[in-house]
Amino acid sequence: MTSLRSTRAMTPPAVAPRTNSRVLESLDPEMLRTRVRELESALQFESLARQRAQYRLQDLLRRLYGPKSEKIDPAQLVLLTGQVDADQALRDVPPPVRSVPVFEEKAAKNRKGGGRRPAPEHLPIERVEIDLPDDQKVGLVRIREEVTEELDYRPSQFIRRHLVRPVYVKPGSNLAPMLAPLPARVIPQAGVAPGMLAHLLVSKYVDHLPLHRQEKIAARAGLDLPRQKLCRWVEASAQLLLTIHDQLADRIRESGYVQADETPVKVLDPDRGGRAAQAYLWTYHSPTTSAIVFDFNTSRGRDSPNRFFPADWNGALQSDGYELYAALAKERPRITRFGCMAHCRRKVADAVKAGEPAAVPLLLDIGRLYAIEKEADERSLTDEQRAALRHARARPILRDLQRRFAELQRTELPRSLLGQAARYAVNQWPELARYAKARYGHIRIDNNPVERGIRPTKLGLKNWLFIGHPDAGWRSAVIYSVVGSCKLLHVNPEAYLAWALPKLAAATTKTAGGLLPHDYAALQLN
């Protein structure tokens with residue numbers, strides 16, 4: 001019995017000694033219970049170690065996909081590659097030391113901490129004087145003022161504007177009375193001014209306030225604005241802005257570089273008994289001209305791309321892996337198609353999140369490609385300089401990625417996340433890597449700009465949920481195109497609409513030019 005205890009004492013807690021049934025029968029029950037407790041303790045220790053490793057893995061993934069994902073220390077990725085034990089790795093690997101760029105050091109030195117920032121100078125000032133009672137001011141002389149500033153807010157204010165036109169008549173004459181003509185009305189006989197219409201459109205399509213909420217906001221101010229009337233105002237405004245939408249589409253096609261994508265929207269279809277049907281907002285964006293247009297269509301088929309791209313259009317089309325774009329480029333040889341590296345990266349990232357270690361080096365190398373683009377942006381390189389930088393540094397990375405994706409497609413299970421990522425990369429590789437060729441310095445590495453342009457429509461759908469009728473979808477497409485282009489140009493959409501709507505109302509087919517958001521932005525710079 002003593003020798004057995006000594007043997008057990010020399011055995012590590014996490015390793016169970018080999019015993020057979022006869023030995024177990026001869027052991028003391030108390031000793032067996034002790035042994036069970038030791039095994040339970042070892043099991044609990046292993047479970048805690050696994051939980052710690054899992055927590056650290058999740059923390060590493062959060063930092064990997066955070067706003068500074070490219071600054072992570074590669075030594076920390078030992079946790080994912082399985083080269084060393086997780087706990088031992090965390091004890092041995094020193095904390096990452098991030099070098100601070102020179103401009104960050106200067107910003108840190110100039111930073112003075114918190115505190116209130118001064119209010120903008122353009123805000124109106126309301127003066128409120130707080131004085132002593134008259135009986136306390138007897139015998140005092142006013143020498144200065146103590147001014148305390150505070151920021152206040154007044155709810156949106158509706159006003160009534162009277163357009164007064166004096167009427168003249170010539171005494172002793174039979175001529176009709178004379179008065180100045182009214183300026184062109186945005187919506188004739190509606191009694192609504194351009195500023196009100198601009199506020200209505202921006203509230204719905206930028207601030208995502210449905211018409212029924214705007215109706216309630218107006219009611220709090222004592223104003224009766226039924227949503228049916230607001231809906232008619234939106235339609236009339238969109239009808240005027242349709243010419244702006246068409247001019248933006250022409251501008252995008254003329255740029256020769258179009259990023260395309262599509263997003264689903266819900267629409268109430270009367271043929272489905274009030275149930276919502278699936279429709280799509282097709283999106284076309286030109287990074288080189290800061291313009292974006294939306295096209296509403298009830299189908300995800302060829303209708304919208306065929307209508308947007310003329311048969312003889314010659315240019316670069318960038319998209320995700322949707323097969324329709326590949327078929328379009330195949331049928332029209334003058335179109336050069338480019339892929340989206342962000343879509344490839346997302347599939348690799350899904351494999352990393354699922355705990356597939358072989359995906360980690362791929363994700364790091366894709367991060368290196370994005371680091372090259374970030375460096376080019378920070379250095380404000382021209383298209384030719386960006387192309388030279390890509391040729392020198394991105395092409396070797398792309399060749400190595402292509403080889404490894406092809407190998408993973410052969411070795412990984414087709415239904416695994418890494419297998420799916422490898423299959424996507426191999427099938428799309430000519431389009432994914434084409435951006436790094438010498439003559440394509442103006443092409444982006446991914447399709448993210450057009451996806452950012454789509455995001456406001458998704459936020460809007462969370463509030464107004466669906467488009468009320470298939471025949472009304474064009475209105476959302478037109479207005480989203482106008483306010484989206486304003487955002488790309490850093491133009492206040494409400495100010496632009498208030499400027500453009502009355503001019504569009506007075507314009508003819510020949511005089512409707514020069515009213516794009518780009519023209520308004522140029523006026524603001526002068």
# chains A, B, ... in the order shown; residues from 1 in each chain; ligands from 1
call {"tool": "residues_around", "arguments": {"residues": "A:Val293", "least_positions_apart": "2", "cutoff": "9 Å", "atoms": "only C-alpha atoms", "output": "short mmCIF file (atom, residue, chain, number, x, y, z; two decimals) with C-alpha atoms, in the first residue's frame"}}
result
data_model
loop_
_atom_site.label_atom_id
_atom_site.label_comp_id
_atom_site.auth_asym_id
_atom_site.auth_seq_id
_atom_site.Cartn_x
_atom_site.Cartn_y
_atom_site.Cartn_z
CA HIS A 245 -30.04 61.54 -61.69
CA ASP A 246 -29.64 61.06 -65.45
CA LEU A 248 -24.99 61.79 -62.77
CA ALA A 249 -25.37 58.46 -64.60
CA ILE A 252 -20.27 57.95 -64.21
CA TRP A 282 -28.70 48.56 -58.24
CA THR A 283 -25.81 50.89 -57.45
CA TYR A 284 -23.22 52.39 -59.81
CA HIS A 285 -20.35 54.45 -58.45
CA ALA A 291 -20.72 60.34 -58.17
CA ASP A 295 -31.53 52.20 -60.06
CA ALA A 477 -33.39 55.68 -56.32
CA VAL A 478 -33.37 59.27 -57.61
CA TYR A 480 -30.58 58.54 -52.84
CA SER A 481 -28.47 59.27 -55.92
CA VAL A 482 -28.57 63.03 -55.29
CA GLY A 484 -25.29 60.18 -51.96
CA SER A 485 -23.33 62.25 -54.48
#
call {"tool": "residues_around", "arguments": {"residues": "A:Arg117", "least_positions_apart": "6", "cutoff": "12 Å", "atoms": "only C-alpha atoms", "output": "ChimeraX atom specification"}}
result
/A:149-151
call {"tool": "closest_residue", "arguments": {"among": "A:Arg455, A:Ile130, A:Ala326, A:Ile479", "to": "A:Gln239", "atoms": "only C-alpha atoms"}}
result
A:Ile479
call {"tool": "select_by_dssp", "arguments": {"residues": "stretch 297-516 of chain A", "states": "strand (DSSP E)", "output": "PyMOL selection string"}}
result
chain A and resi 297+315-318+335-338
call {"tool": "atom_distance", "arguments": {"atom1": "atom CA of A:Arg423", "atom2": "atom CA of A:Gln402"}}
result
11.1 Å
call {"tool": "atom_distance", "arguments": {"atom1": "atom CA of A:Glu146", "atom2": "atom CA of A:Pro133"}}
result
16.6 Å
call {"tool": "residues_around", "arguments": {"residues": "stretch 429-433 of chain A", "least_positions_apart": "4", "cutoff": "8 Å", "atoms": "only C-alpha atoms", "output": "list in words"}}
result
Arg337, Phe338, Gly339, Cys340, Met341, Leu398, Gln402, Ala425 and Lys437 of chain A
call {"tool": "select_by_dssp", "arguments": {"residues": "stretch 215-457 of chain A", "states": "helix (DSSP H, G or I)", "output": "PyMOL selection string"}}
result
chain A and resi 215-220+227-255+270-272+303-308+323-331+341-353+359-378+383-411+417-436+448-457
call {"tool": "residues_around", "arguments": {"residues": "A:Leu497", "least_positions_apart": "2", "cutoff": "12 Å", "atoms": "only C-alpha atoms", "output": "PDB file with C-alpha atoms, in the first residue's frame"}}
result
ATOM      1  CA  VAL A 186     -41.178  74.037 -57.285  1.00  0.00           C
ATOM      2  CA  ALA A 193     -41.106  76.593 -50.481  1.00  0.00           C
ATOM      3  CA  PRO A 194     -37.813  74.970 -51.587  1.00  0.00           C
ATOM      4  CA  GLY A 195     -36.391  75.037 -48.046  1.00  0.00           C
ATOM      5  CA  MET A 196     -39.312  73.023 -46.734  1.00  0.00           C
ATOM      6  CA  LEU A 197     -38.965  70.456 -49.524  1.00  0.00           C
ATOM      7  CA  ALA A 198     -35.210  70.185 -48.969  1.00  0.00           C
ATOM      8  CA  HIS A 199     -35.795  69.601 -45.256  1.00  0.00           C
ATOM      9  CA  LEU A 200     -38.431  66.953 -46.040  1.00  0.00           C
ATOM     10  CA  LEU A 201     -36.160  65.003 -48.402  1.00  0.00           C
ATOM     11  CA  VAL A 202     -33.100  65.177 -46.158  1.00  0.00           C
ATOM     12  CA  SER A 237     -39.442  66.795 -55.997  1.00  0.00           C
ATOM     13  CA  ALA A 238     -38.111  63.495 -57.296  1.00  0.00           C
ATOM     14  CA  LEU A 240     -37.619  67.466 -60.858  1.00  0.00           C
ATOM     15  CA  LEU A 241     -34.466  65.717 -59.655  1.00  0.00           C
ATOM     16  CA  ILE A 244     -29.956  65.343 -62.081  1.00  0.00           C
ATOM     17  CA  ILE A 479     -33.153  60.981 -54.220  1.00  0.00           C
ATOM     18  CA  VAL A 482     -28.571  63.028 -55.289  1.00  0.00           C
ATOM     19  CA  VAL A 483     -27.885  62.971 -51.541  1.00  0.00           C
ATOM     20  CA  CYS A 486     -23.553  65.242 -52.129  1.00  0.00           C
ATOM     21  CA  VAL A 491     -21.707  69.061 -49.766  1.00  0.00           C
ATOM     22  CA  ASN A 492     -24.589  69.855 -47.411  1.00  0.00           C
ATOM     23  CA  PRO A 493     -27.475  68.040 -49.161  1.00  0.00           C
ATOM     24  CA  GLU A 494     -30.147  70.293 -47.655  1.00  0.00           C
ATOM     25  CA  ALA A 495     -28.381  73.442 -48.860  1.00  0.00           C
ATOM     26  CA  TRP A 499     -30.452  75.798 -54.220  1.00  0.00           C
ATOM     27  CA  ALA A 500     -31.212  73.355 -57.050  1.00  0.00           C
ATOM     28  CA  LEU A 501     -34.981  72.760 -56.782  1.00  0.00           C
ATOM     29  CA  PRO A 502     -36.160  76.289 -57.716  1.00  0.00           C
ATOM     30  CA  LYS A 503     -33.640  76.429 -60.561  1.00  0.00           C
ATOM     31  CA  LEU A 504     -34.851  73.075 -61.867  1.00  0.00           C
ATOM     32  CA  ALA A 505     -38.446  74.300 -61.668  1.00  0.00           C
ATOM     33  CA  LEU A 515     -27.079  72.121 -61.603  1.00  0.00           C
ATOM     34  CA  LEU A 516     -25.244  69.003 -60.440  1.00  0.00           C
ATOM     35  CA  PRO A 517     -23.900  68.724 -56.886  1.00  0.00           C
ATOM     36  CA  TYR A 520     -22.763  73.588 -56.408  1.00  0.00           C
TER      37      TYR A 520
END
call {"tool": "closest_residue", "arguments": {"among": "A:His162, A:His208, A:Arg35, A:Arg50", "to": "A:Gly460", "atoms": "only C-alpha atoms"}}
result
A:His208
call {"tool": "atom_distance", "arguments": {"atom1": "atom CA of A:Pro287", "atom2": "atom CA of A:Ile467"}}
result
28.3 Å
call {"tool": "residues_around", "arguments": {"residues": "A:Gln278", "least_positions_apart": "3", "cutoff": "7 Å", "atoms": "only C-alpha atoms", "output": "list in words"}}
result
Pro264, Val265, Lys266, Val267 and Thr298 of chain A
call {"tool": "write_last_selection", "arguments": {"atoms": "C-alpha atoms", "output": "short mmCIF file (atom, residue, chain, number, x, y, z; two decimals), in the first residue's frame"}}
result
data_model
loop_
_atom_site.label_atom_id
_atom_site.label_comp_id
_atom_site.auth_asym_id
_atom_site.auth_seq_id
_atom_site.Cartn_x
_atom_site.Cartn_y
_atom_site.Cartn_z
CA PRO A 264 -32.25 43.91 -51.74
CA VAL A 265 -35.15 46.09 -50.62
CA LYS A 266 -38.70 45.22 -49.62
CA VAL A 267 -41.60 46.56 -51.67
CA THR A 298 -37.83 44.35 -59.16
#
call {"tool": "residues_around", "arguments": {"residues": "A:Ser304", "least_positions_apart": "4", "cutoff": "12 Å", "atoms": "only C-alpha atoms", "output": "ChimeraX atom specification"}}
result
/A:260-262,279-284,293-300,308-310,324-325,328
call {"tool": "decode", "arguments": {"residues": "stretch 353-393 of chain A", "atoms": "C-alpha atoms", "output": "PDB file, in the first residue's frame"}}
result
ATOM      1  CA  LYS A 353     -12.812  32.947 -36.846  1.00  0.00           C
ATOM      2  CA  ALA A 354     -13.735  29.284 -37.212  1.00  0.00           C
ATOM      3  CA  GLY A 355     -10.278  28.356 -35.858  1.00  0.00           C
ATOM      4  CA  GLU A 356      -8.570  27.180 -39.059  1.00  0.00           C
ATOM      5  CA  PRO A 357      -4.873  28.086 -38.517  1.00  0.00           C
ATOM      6  CA  ALA A 358      -3.913  27.783 -42.199  1.00  0.00           C
ATOM      7  CA  ALA A 359      -6.020  30.844 -42.945  1.00  0.00           C
ATOM      8  CA  VAL A 360      -4.009  33.159 -40.688  1.00  0.00           C
ATOM      9  CA  PRO A 361      -0.962  33.647 -43.000  1.00  0.00           C
ATOM     10  CA  LEU A 362      -3.354  34.333 -45.887  1.00  0.00           C
ATOM     11  CA  LEU A 363      -5.126  37.011 -43.875  1.00  0.00           C
ATOM     12  CA  LEU A 364      -1.816  38.623 -42.917  1.00  0.00           C
ATOM     13  CA  ASP A 365      -0.653  38.754 -46.532  1.00  0.00           C
ATOM     14  CA  ILE A 366      -3.940  40.316 -47.647  1.00  0.00           C
ATOM     15  CA  GLY A 367      -3.391  42.833 -44.853  1.00  0.00           C
ATOM     16  CA  ARG A 368      -0.008  43.618 -46.377  1.00  0.00           C
ATOM     17  CA  LEU A 369      -1.741  44.411 -49.673  1.00  0.00           C
ATOM     18  CA  TYR A 370      -4.030  46.847 -47.883  1.00  0.00           C
ATOM     19  CA  ALA A 371      -1.045  48.367 -46.074  1.00  0.00           C
ATOM     20  CA  ILE A 372       0.442  49.209 -49.478  1.00  0.00           C
ATOM     21  CA  GLU A 373      -2.783  50.983 -50.460  1.00  0.00           C
ATOM     22  CA  LYS A 374      -2.831  52.865 -47.168  1.00  0.00           C
ATOM     23  CA  GLU A 375       0.755  54.009 -47.699  1.00  0.00           C
ATOM     24  CA  ALA A 376      -0.121  55.231 -51.188  1.00  0.00           C
ATOM     25  CA  ASP A 377      -3.066  57.209 -49.785  1.00  0.00           C
ATOM     26  CA  GLU A 378      -1.002  58.753 -47.002  1.00  0.00           C
ATOM     27  CA  ARG A 379       1.688  59.784 -49.478  1.00  0.00           C
ATOM     28  CA  SER A 380      -0.961  61.153 -51.909  1.00  0.00           C
ATOM     29  CA  LEU A 381       0.607  59.259 -54.808  1.00  0.00           C
ATOM     30  CA  THR A 382      -0.551  59.813 -58.363  1.00  0.00           C
ATOM     31  CA  ASP A 383      -2.073  56.925 -60.302  1.00  0.00           C
ATOM     32  CA  GLU A 384       1.253  56.288 -62.025  1.00  0.00           C
ATOM     33  CA  GLN A 385       3.165  56.309 -58.732  1.00  0.00           C
ATOM     34  CA  ARG A 386       0.590  54.022 -57.106  1.00  0.00           C
ATOM     35  CA  ALA A 387       0.899  51.579 -60.035  1.00  0.00           C
ATOM     36  CA  ALA A 388       4.706  51.548 -59.660  1.00  0.00           C
ATOM     37  CA  LEU A 389       4.414  50.898 -55.917  1.00  0.00           C
ATOM     38  CA  ARG A 390       2.012  48.015 -56.523  1.00  0.00           C
ATOM     39  CA  HIS A 391       4.265  46.522 -59.193  1.00  0.00           C
ATOM     40  CA  ALA A 392       7.251  46.562 -56.861  1.00  0.00           C
ATOM     41  CA  ARG A 393       5.597  45.360 -53.649  1.00  0.00           C
TER      42      ARG A 393
END
